[in-house]
file model_2.csv (CSV, C-alpha atoms)
chain,number,residue,atom,x,y,z
A,122,MET,CA,74.9,119.1,112.1
A,123,ARG,CA,73.0,118.0,109.0
A,124,ILE,CA,75.0,117.3,105.9
A,125,LEU,CA,74.0,117.0,102.3
A,126,LEU,CA,76.2,115.0,100.0
A,127,VAL,CA,75.9,115.4,96.2
A,128,ASP,CA,77.8,113.4,93.6
A,129,ASP,CA,76.6,111.9,90.3
A,130,GLU,CA,78.4,108.6,91.2
A,131,THR,CA,75.7,106.9,93.2
A,132,GLU,CA,77.9,104.1,94.5
A,133,PHE,CA,80.4,106.7,95.8
A,134,VAL,CA,78.0,109.0,97.4
A,135,SER,CA,75.8,106.3,99.0
A,136,ALA,CA,78.9,104.5,100.5
A,137,LEU,CA,80.3,107.8,101.8
A,138,ALA,CA,76.9,108.7,103.3
A,139,GLU,CA,76.7,105.3,105.1
A,140,ARG,CA,80.2,105.8,106.5
A,141,LEU,CA,79.4,109.2,107.9
A,142,SER,CA,76.1,107.9,109.2
A,143,LEU,CA,78.0,105.1,111.1
A,144,ARG,CA,79.9,107.9,112.8
A,145,GLY,CA,76.7,109.4,114.1
A,146,ILE,CA,76.4,112.2,111.5
A,147,ASP,CA,73.0,113.1,110.1
A,148,VAL,CA,73.4,112.7,106.4
A,149,ASP,CA,71.3,113.2,103.3
A,150,TRP,CA,72.5,112.4,99.9
A,151,SER,CA,71.6,112.6,96.2
A,152,SER,CA,73.2,111.7,92.9
A,153,ASP,CA,71.0,114.2,91.1
A,154,PRO,CA,71.6,118.0,91.6
A,155,GLU,CA,68.0,118.9,91.1
A,156,THR,CA,66.9,116.5,93.8
A,157,ALA,CA,69.6,117.9,96.1
A,158,VAL,CA,68.3,121.4,95.5
A,159,GLN,CA,64.8,120.2,96.4
A,160,LYS,CA,66.0,118.4,99.6
A,161,ALA,CA,67.7,121.6,100.7
A,162,ALA,CA,64.7,123.7,100.0
A,163,ASP,CA,62.5,121.4,102.1
A,164,ASP,CA,64.8,121.7,105.1
A,165,CYS,CA,68.1,123.5,104.9
A,166,HIS,CA,71.2,121.5,105.7
A,167,ASP,CA,74.1,123.0,107.6
A,168,LEU,CA,76.8,121.8,105.2
A,169,ALA,CA,76.9,120.4,101.7
A,170,VAL,CA,79.7,118.3,100.3
A,171,LEU,CA,79.6,118.7,96.5
A,172,ASP,CA,81.3,117.1,93.6
A,173,MET,CA,83.0,119.8,91.4
A,174,LYS,CA,81.9,118.3,88.1
A,175,MET,CA,78.6,116.6,87.4
A,176,PRO,CA,76.7,116.1,84.2
A,177,GLY,CA,75.1,119.3,83.2
A,178,VAL,CA,76.2,121.2,86.3
A,179,ASN,CA,79.3,122.1,88.1
A,180,GLY,CA,79.7,122.2,91.9
A,181,ILE,CA,80.2,126.0,91.9
A,182,ASP,CA,76.9,126.6,90.2
A,183,LEU,CA,75.1,124.1,92.4
A,184,LYS,CA,76.6,125.9,95.5
A,185,LYS,CA,75.1,129.2,94.3
A,186,ARG,CA,71.7,127.6,93.8
A,187,LEU,CA,71.8,126.0,97.3
A,188,GLN,CA,73.0,129.2,98.9
A,189,ALA,CA,70.0,131.0,97.4
A,190,THR,CA,67.7,128.9,99.5
A,191,CYS,CA,70.1,128.2,102.4
A,192,PRO,CA,72.3,131.3,102.9
A,193,ARG,CA,74.0,129.9,106.0
A,194,MET,CA,74.9,126.6,104.4
A,195,ARG,CA,78.7,125.8,104.3
A,196,PHE,CA,80.4,123.9,101.5
A,197,ILE,CA,83.2,121.4,100.9
A,198,PHE,CA,84.1,120.4,97.4
A,199,LEU,CA,85.3,117.1,96.2
A,200,THR,CA,86.9,116.4,92.8
A,201,GLY,CA,88.7,113.8,90.8
A,202,HIS,CA,90.3,116.5,88.7
A,203,GLY,CA,93.9,117.1,89.5
A,204,SER,CA,94.4,120.1,87.3
A,205,GLU,CA,95.7,123.4,88.7
A,206,ASP,CA,92.8,125.3,87.1
A,207,SER,CA,90.2,123.1,88.9
A,208,PHE,CA,92.1,123.6,92.2
A,209,LYS,CA,92.1,127.4,91.7
A,210,ALA,CA,88.4,127.4,90.8
A,211,GLY,CA,87.4,125.2,93.7
A,212,THR,CA,89.6,126.9,96.3
A,213,SER,CA,88.5,130.4,95.3
A,214,GLU,CA,84.9,129.4,95.8
A,215,ALA,CA,85.2,127.3,98.9
A,216,GLY,CA,88.6,128.3,100.3
A,217,PRO,CA,91.7,126.1,100.3
A,218,ASP,CA,90.6,124.4,103.5
A,219,ASN,CA,87.4,123.1,102.0
A,220,TYR,CA,88.6,121.3,98.9
A,221,LEU,CA,89.5,117.6,98.7
A,222,LEU,CA,90.9,115.5,95.9
A,223,LYS,CA,89.4,112.0,95.4
A,224,PRO,CA,89.9,109.4,96.5
A,225,ILE,CA,89.5,111.0,99.9
A,226,ARG,CA,90.5,109.9,103.4
A,227,ILE,CA,87.5,110.0,105.5
A,228,GLU,CA,89.6,111.4,108.4
A,229,ASP,CA,90.3,114.4,106.2
A,230,LEU,CA,86.7,115.0,105.4
A,231,LEU,CA,85.7,114.6,109.1
A,232,ALA,CA,88.3,117.1,110.1
A,233,LYS,CA,86.9,119.7,107.6
A,234,ILE,CA,83.3,119.0,108.7
A,235,SER,CA,84.4,119.6,112.3
A,236,ILE,CA,86.1,122.9,111.4
A,237,ALA,CA,83.0,124.0,109.5
A,238,PHE,CA,80.8,123.0,112.4
A,239,GLN,CA,83.0,125.0,114.9
A,240,GLN,CA,82.9,128.0,112.6
A,241,GLN,CA,79.2,127.9,112.3
A,242,ARG,CA,78.8,127.7,116.1
A,243,LYS,CA,81.1,130.6,116.5
A,244,GLU,CA,79.1,132.7,114.0
A,245,GLY,CA,75.9,131.7,115.8
A,246,SER,CA,77.2,132.8,119.1
A,247,ASP,CA,78.6,136.1,117.6
A,248,GLU,CA,75.1,137.1,116.4
B,206,MET,CA,100.9,124.7,59.6
B,207,SER,CA,102.2,121.1,60.0
B,208,GLU,CA,104.0,122.1,63.2
B,209,SER,CA,100.7,123.4,64.4
B,210,ILE,CA,99.0,120.1,63.8
B,211,ALA,CA,101.8,118.3,65.7
B,212,ALA,CA,101.6,120.8,68.6
B,213,ASN,CA,97.8,120.7,68.7
B,214,GLY,CA,97.9,116.9,68.4
B,215,LEU,CA,100.0,116.8,71.5
B,216,GLN,CA,97.6,119.0,73.3
B,217,PHE,CA,94.7,116.7,72.2
B,218,PHE,CA,96.7,113.7,73.5
B,219,GLY,CA,97.2,115.4,76.8
B,220,ALA,CA,93.6,116.3,77.1
B,221,MET,CA,92.6,112.7,76.5
B,222,ILE,CA,95.0,111.5,79.1
B,223,ALA,CA,93.7,114.0,81.6
B,224,SER,CA,90.1,112.9,81.0
B,225,ILE,CA,91.1,109.2,81.4
B,226,SER,CA,92.9,110.0,84.6
B,227,HIS,CA,89.8,111.7,85.9
B,228,GLU,CA,87.7,108.7,85.1
B,229,MET,CA,90.2,106.4,86.9
B,230,LYS,CA,90.2,108.7,90.0
B,231,ASN,CA,86.4,108.3,90.1
B,232,ARG,CA,86.7,104.5,90.0
B,233,MET,CA,89.3,104.6,92.7
B,234,ALA,CA,87.2,106.9,94.8
B,235,ILE,CA,84.3,104.3,94.7
B,236,ILE,CA,86.6,101.4,95.5
B,237,ASN,CA,88.1,103.5,98.3
B,238,GLU,CA,84.7,104.2,99.9
B,239,ASN,CA,83.5,100.6,99.6
B,240,ALA,CA,86.8,99.3,101.1
B,241,GLY,CA,86.5,101.9,103.9
B,242,LEU,CA,82.9,100.8,104.5
B,243,LEU,CA,84.0,97.2,104.8
B,244,GLU,CA,86.6,98.3,107.4
B,245,ASP,CA,83.9,100.3,109.3
B,246,LEU,CA,81.5,97.4,109.3
B,247,VAL,CA,84.1,95.0,110.6
B,248,GLN,CA,85.1,97.5,113.3
B,249,MET,CA,81.5,97.9,114.3
B,250,HIS,CA,81.2,94.1,114.5
B,251,GLU,CA,84.1,94.0,116.8
B,252,SER,CA,82.2,96.4,119.0
B,253,GLY,CA,79.2,94.1,119.1
B,254,ARG,CA,77.2,95.2,116.0
B,255,PRO,CA,75.9,92.3,113.9
B,256,LEU,CA,77.6,91.7,110.6
B,257,SER,CA,75.7,90.5,107.5
B,258,PRO,CA,77.6,88.1,105.3
B,259,GLU,CA,75.3,89.1,102.5
B,260,ARG,CA,76.3,92.7,102.9
B,261,LEU,CA,79.9,91.9,102.8
B,262,THR,CA,79.4,89.8,99.7
B,263,ARG,CA,77.6,92.8,98.0
B,264,LEU,CA,80.4,95.1,98.9
B,265,ALA,CA,83.0,92.8,97.6
B,266,GLY,CA,81.0,92.5,94.4
B,267,ALA,CA,80.8,96.3,94.1
B,268,ILE,CA,84.6,96.5,94.5
B,269,LYS,CA,85.2,93.9,91.8
B,270,SER,CA,82.8,95.6,89.5
B,271,GLN,CA,84.7,98.9,89.8
B,272,ILE,CA,88.0,97.0,89.2
B,273,ALA,CA,86.5,95.7,86.0
B,274,ASN,CA,85.4,99.3,85.0
B,275,ALA,CA,88.9,100.5,85.8
B,276,ASP,CA,90.4,97.8,83.6
B,277,GLY,CA,88.2,98.9,80.7
B,278,ILE,CA,89.5,102.5,81.2
B,279,ILE,CA,93.1,101.3,81.2
B,280,LYS,CA,92.5,99.3,78.0
B,281,LYS,CA,91.1,102.6,76.4
B,282,LEU,CA,94.3,104.4,77.5
B,283,ASN,CA,96.4,101.6,76.1
B,284,ARG,CA,94.7,101.8,72.8
B,285,LEU,CA,95.2,105.6,72.6
B,286,ALA,CA,98.8,105.3,73.6
B,287,HIS,CA,99.5,102.7,70.9
B,288,SER,CA,97.7,104.8,68.3
B,289,VAL,CA,101.0,106.7,67.9
B,290,ASP,CA,103.1,103.6,67.3
B,291,ASP,CA,102.9,104.0,63.5
B,292,ASP,CA,102.4,107.1,61.5
B,293,ARG,CA,100.4,105.0,59.0
B,294,ARG,CA,98.9,101.6,59.2
B,295,SER,CA,95.8,99.6,58.3
B,296,THR,CA,93.2,101.0,60.7
B,297,GLU,CA,89.8,99.5,61.5
B,298,VAL,CA,87.4,102.4,61.2
B,299,GLY,CA,84.6,101.0,63.4
B,300,ASP,CA,87.1,100.3,66.1
B,301,THR,CA,88.4,103.8,65.9
B,302,LEU,CA,84.9,105.2,66.2
B,303,SER,CA,84.2,103.2,69.3
B,304,LEU,CA,87.4,104.2,70.9
B,305,THR,CA,86.9,107.9,70.1
B,306,ALA,CA,83.3,107.8,71.4
B,307,ALA,CA,84.6,106.1,74.6
B,308,LEU,CA,87.2,108.9,75.0
B,309,PHE,CA,84.6,111.6,74.7
B,310,GLN,CA,81.9,109.9,76.7
B,311,ARG,CA,82.7,111.8,79.9
B,312,LEU,CA,82.8,115.2,78.2
B,313,ALA,CA,79.5,114.4,76.4
B,314,GLY,CA,78.0,113.4,79.7
B,315,GLN,CA,78.9,116.8,81.2
B,316,ARG,CA,76.6,118.3,78.7
B,317,ALA,CA,73.9,115.6,79.2
B,318,ILE,CA,74.6,114.1,75.7
B,319,LYS,CA,75.0,110.4,75.1
B,320,LEU,CA,77.4,109.0,72.5
B,321,GLU,CA,76.7,105.9,70.6
B,322,ALA,CA,79.2,104.2,68.2
B,323,LEU,CA,77.6,101.8,65.8
B,324,ASP,CA,79.5,98.9,64.3
B,325,PRO,CA,79.8,98.8,60.5
B,326,PRO,CA,78.0,95.9,58.8
B,327,GLU,CA,81.4,94.5,57.7
B,328,PRO,CA,85.0,95.3,58.8
B,329,LEU,CA,86.1,98.5,57.2
B,330,THR,CA,89.8,99.5,57.1
B,331,VAL,CA,91.7,102.4,55.7
B,332,THR,CA,95.5,103.0,55.7
B,333,THR,CA,96.2,106.1,57.6
B,334,SER,CA,97.6,107.5,60.8
B,335,PRO,CA,95.5,105.9,63.6
B,336,PHE,CA,96.2,108.8,66.0
B,337,PHE,CA,95.4,111.6,63.7
B,338,LEU,CA,92.3,109.9,62.6
B,339,ILE,CA,91.2,109.7,66.3
B,340,TYR,CA,92.2,113.3,66.6
B,341,LEU,CA,90.1,114.4,63.5
B,342,ILE,CA,87.1,112.4,64.6
B,343,GLY,CA,87.5,113.7,68.1
B,344,SER,CA,87.7,117.3,66.9
B,345,CYS,CA,84.5,116.9,65.0
B,346,LEU,CA,82.9,115.1,67.9
B,347,ASP,CA,83.9,117.8,70.2
B,348,ALA,CA,82.4,120.4,67.9
B,349,GLY,CA,79.1,118.4,67.9
B,350,ILE,CA,79.1,118.0,71.7
B,351,GLN,CA,79.8,121.7,72.3
B,352,ALA,CA,77.2,122.9,69.7
B,353,GLY,CA,74.6,120.2,70.4
B,354,GLU,CA,71.6,120.6,72.6
B,355,PRO,CA,71.5,118.6,75.8
B,356,ASP,CA,69.5,115.5,76.3
B,357,GLN,CA,70.2,113.8,73.0
B,358,THR,CA,72.2,111.0,71.6
B,359,LEU,CA,75.0,111.6,69.1
B,360,SER,CA,75.5,108.6,66.9
B,361,LEU,CA,78.8,107.7,65.1
B,362,ASP,CA,78.7,105.2,62.3
B,363,CYS,CA,80.7,104.5,59.1
B,364,ALA,CA,80.1,103.1,55.6
B,365,ARG,CA,82.3,102.0,52.8
B,366,THR,CA,82.7,104.4,49.8
B,367,PRO,CA,84.3,103.6,46.5
B,368,ASP,CA,87.3,105.7,47.5
B,369,GLY,CA,87.5,104.8,51.2
B,370,ALA,CA,85.1,105.4,54.0
B,371,GLU,CA,82.6,107.9,55.2
B,372,ILE,CA,82.1,108.6,58.9
B,373,ARG,CA,78.8,110.1,60.0
B,374,LEU,CA,78.2,111.9,63.3
B,375,THR,CA,74.4,112.4,63.6
B,376,GLY,CA,72.5,114.3,66.2
B,377,GLU,CA,68.9,113.7,67.2
B,378,LYS,CA,68.6,117.5,67.3
B,379,PRO,CA,70.2,120.1,65.0
B,380,LEU,CA,73.9,120.8,65.7
B,381,ASN,CA,74.3,124.5,65.8
B,382,LEU,CA,77.7,124.6,64.1
B,383,THR,CA,79.5,127.7,62.9
B,384,PRO,CA,82.7,128.0,60.8
B,385,ASP,CA,84.6,128.5,64.1
B,386,THR,CA,83.4,125.3,65.6
B,387,LEU,CA,83.4,123.0,62.5
B,388,LEU,CA,86.1,123.2,59.9
B,389,ASN,CA,88.2,125.9,61.6
B,390,ALA,CA,91.8,126.3,60.4
B,391,GLU,CA,93.1,123.5,62.7
B,392,GLN,CA,90.5,120.9,61.5
B,393,ALA,CA,91.0,121.9,57.9
B,394,ALA,CA,94.7,121.4,58.1
B,395,LEU,CA,94.2,118.1,59.9
B,396,ALA,CA,91.7,116.9,57.3
B,397,ALA,CA,94.1,118.0,54.5
B,398,GLN,CA,96.9,116.1,56.2
B,399,LEU,CA,94.8,112.9,56.2
B,400,GLY,CA,93.5,113.5,52.7
B,401,ALA,CA,90.1,113.7,54.3
B,402,GLU,CA,87.1,115.9,53.7
B,403,VAL,CA,84.8,117.3,56.5
B,404,THR,CA,81.4,118.6,55.7
B,405,ARG,CA,78.1,119.4,57.4
B,406,ASP,CA,74.9,118.3,55.8
B,407,PRO,CA,72.4,121.2,55.0
B,408,GLU,CA,69.8,119.9,57.5
B,409,GLY,CA,72.3,120.7,60.2
B,410,ASN,CA,72.2,117.6,62.3
B,411,ARG,CA,75.1,115.6,60.7
B,412,ILE,CA,78.8,115.9,60.3
B,413,LEU,CA,80.4,113.9,57.5
B,414,ILE,CA,84.1,112.9,57.3
B,415,ARG,CA,85.3,111.2,54.1
B,416,ILE,CA,88.6,109.5,54.4
B,417,PRO,CA,90.6,107.9,51.6
B,418,LYS,CA,91.4,104.2,51.5
B,419,HIS,CA,95.1,104.9,51.4
B,420,ASN,CA,96.5,108.1,52.8
B,421,GLY,CA,99.9,108.6,51.1
B,422,SER,CA,101.3,111.0,53.6
B,423,ALA,CA,99.9,110.5,57.1
B,424,ARG,CA,102.8,111.9,59.1
B,425,PRO,CA,102.7,115.7,59.4
B,426,VAL,CA,105.7,117.0,57.6
B,427,ILE,CA,107.7,119.4,59.7
B,428,SER,CA,108.9,122.3,57.5
B,429,GLY,CA,112.5,121.8,56.5
B,430,ALA,CA,112.3,118.0,56.6
B,431,SER,CA,111.7,115.6,53.7
B,432,ALA,CA,108.6,113.4,53.6
B,433,ASN,CA,111.0,110.5,53.3
B,434,ASP,CA,112.9,111.3,56.5

call {"tool": "encode", "arguments": {"input": "model_2.csv", "output": "structure tokens"}}
result
Amino acid sequence: MRILLVDDETEFVSALAERLSLRGIDVDWSSDPETAVQKAADDCHDLAVLDMKMPGVNGIDLKKRLQATCPRMRFIFLTGHGSEDSFKAGTSEAGPDNYLLKPIRIEDLLAKISIAFQQQRKEGSDE
Amino acid sequence: MSESIAANGLQFFGAMIASISHEMKNRMAIINENAGLLEDLVQMHESGRPLSPERLTRLAGAIKSQIANADGIIKKLNRLAHSVDDDRRSTEVGDTLSLTAALFQRLAGQRAIKLEALDPPEPLTVTTSPFFLIYLIGSCLDAGIQAGEPDQTLSLDCARTPDGAEIRLTGEKPLNLTPDTLLNAEQAALAAQLGAEVTRDPEGNRILIRIPKHNGSARPVISGASAND
């Protein structure tokens, strides 16, 4: 599974990318949404982990842009926002199982990645 | 109307706290990942992978840097919290501008707008409600951010006037303000409460706030209570 991480905090996203990479996961990352869209367009990733709020763009709008190029891409949202409105917006887009509050536990993210991978494999075998 | 200012002021205070807590969460998230990475590298080392002392030193430095950032955020929160200690006191205008700009930096960043608070050439103080001054400046700043085009810098500066001080919010590009966004009923009432005047210059890229040197009645008067209560 190839994963794309997008978060405007470079230190956060690069450290998280390295941690996933140390666990044998094929990871691409970007702190700029436009670069992320280009990376996905070059070679679709299986799953994207997106920050909900970035300068000039929110995670939901970025998801739509990525989906336009990679319709089978799955999504997990991360946010530092603890408000109920943010939770509702995020979970309605990604589902309650694909939404994590920062700071995250890497075990929780890995569990969600694993579920997404299994779902994707199941969909692939159903076709 | 004064009850509305108090209620809206509380909402503003809450919004600022929420924004600060979001910033803190982001700092904590970075610290969390760097600390986790340290753990991962040590575990890998225990499994035979070489460990670079230089890498560890860089990670430790990154954590310390985020701690310093977080400390700055807490200081901002502290200053906001203490702005309600007195309903009127001698207030440094330049300091208030820099705090308000810092409070709105994240919101501005969401719209790809940068905020810059410039120090006055000399200390400039007025006697007013520190919190409601932050609230009024913040309200005008919010209007400028929402109406402003992205990819520009909004500058805040102040100057002494014969009667008090003038605060200027200036955009690099025109601010597309309407009566609903600048000098709506809430802002008008707040300005009146502070004895302030808010205007927009005809060229459309500047908001002006004139505040008196001494505001005689900074505390919003709740109807039915005397100003001397």

call {"tool": "closest_atom_pairs", "arguments": {"input": "model_2.csv", "of": "chain B", "to": "chain A", "cutoff": "8 Å", "atoms": "all atoms listed in the file", "output": "tab-separated table"}}
result
residue	atom	partner	partner_atom	distance
B:His227	CA	A:Gly201	CA	5.4
B:Glu228	CA	A:Gly201	CA	7.7
B:Lys230	CA	A:Gly201	CA	5.4
B:Asn231	CA	A:Gly201	CA	6.0
B:Met233	CA	A:Pro224	CA	6.2
B:Ala234	CA	A:Pro224	CA	4.1
B:Ile235	CA	A:Phe133	CA	4.7
B:Asn237	CA	A:Pro224	CA	6.4
B:Glu238	CA	A:Ala136	CA	5.8
B:Asn239	CA	A:Ala136	CA	6.1
B:Gly241	CA	A:Arg140	CA	7.9
B:Leu242	CA	A:Arg140	CA	6.0
B:Asp245	CA	A:Arg140	CA	7.2
B:Gly314	CA	A:Pro176	CA	5.4
B:Gln315	CA	A:Pro176	CA	3.8
B:Arg316	CA	A:Gly177	CA	4.8
B:Ala317	CA	A:Gly177	CA	5.6

call {"tool": "atom_distance", "arguments": {"input": "model_2.csv", "atom1": "CA of Ser334 (chain B)", "atom2": "CA of Val289 (chain B)"}}
result
7.9 Å

call {"tool": "atom_distance", "arguments": {"input": "model_2.csv", "atom1": "CA of Val148 (chain A)", "atom2": "CA of Ile124 (chain A)"}}
result
4.9 Å

call {"tool": "closest_residue", "arguments": {"input": "model_2.csv", "among": "B:Ala313, B:Ala352, B:Leu302, B:Val247", "to": "Thr383 (chain B)", "atoms": "all atoms listed in the file"}}
result
B:Ala352

call {"tool": "residues_around", "arguments": {"input": "model_2.csv", "residues": "Arg284 (chain B)", "least_positions_apart": "3", "cutoff": "12 Å", "atoms": "all atoms listed in the file", "output": "PyMOL selection string"}}
result
chain B and resi 221-222+225+277-281+287-290+300-301+303-305+307-308+335-336+339

call {"tool": "atom_distance", "arguments": {"input": "model_2.csv", "atom1": "CA of Lys243 (chain A)", "atom2": "CA of Leu183 (chain A)"}}
result
25.7 Å

call {"tool": "residues_around", "arguments": {"input": "model_2.csv", "residues": "Val170 (chain A)", "least_positions_apart": "5", "cutoff": "8 Å", "atoms": "all atoms listed in the file", "output": "MDAnalysis selection string"}}
result
chainID A and resid 124:127 196:199

call {"tool": "write_last_selection", "arguments": {"input": "model_2.csv", "atoms": "C-alpha atoms", "output": "compact mmCIF listing (two decimals), in the coordinates of the input"}}
result
# COMPACT_ATOMS: atom_id res chain seq x y z
CA ILE A 124 75.00 117.30 105.90
CA LEU A 125 74.00 117.00 102.30
CA LEU A 126 76.20 115.00 100.00
CA VAL A 127 75.90 115.40 96.20
CA PHE A 196 80.40 123.90 101.50
CA ILE A 197 83.20 121.40 100.90
CA PHE A 198 84.10 120.40 97.40
CA LEU A 199 85.30 117.10 96.20

call {"tool": "closest_residue", "arguments": {"input": "model_2.csv", "among": "B:Leu282, B:Ile342, B:Leu359, B:Ala212", "to": "Ile416 (chain B)", "atoms": "only C-alpha atoms"}}
result
B:Ile342

call {"tool": "closest_residue", "arguments": {"input": "model_2.csv", "among": "B:Ala306, B:Ala273, B:Ala240, B:Ala220", "to": "Cys345 (chain B)", "atoms": "all atoms listed in the file"}}
result
B:Ala306

call {"tool": "closest_residue", "arguments": {"input": "model_2.csv", "among": "B:Gly349, B:Pro417, B:Pro407, B:Gly376", "to": "Leu388 (chain B)", "atoms": "only C-alpha atoms"}}
result
B:Gly349

call {"tool": "residues_near_point", "arguments": {"input": "model_2.csv", "point": "(70.3, 127.8, 93.7)", "cutoff": "12 Å", "atoms": "all atoms listed in the file", "output": "list in words"}}
result
Pro154, Glu155, Thr156, Ala157, Val158, Gln159, Lys160, Ala161, Ala162, Val178, Gly180, Ile181, Asp182, Leu183, Lys184, Lys185, Arg186, Leu187, Gln188, Ala189, Thr190, Cys191, Pro192 and Met194 of chain A
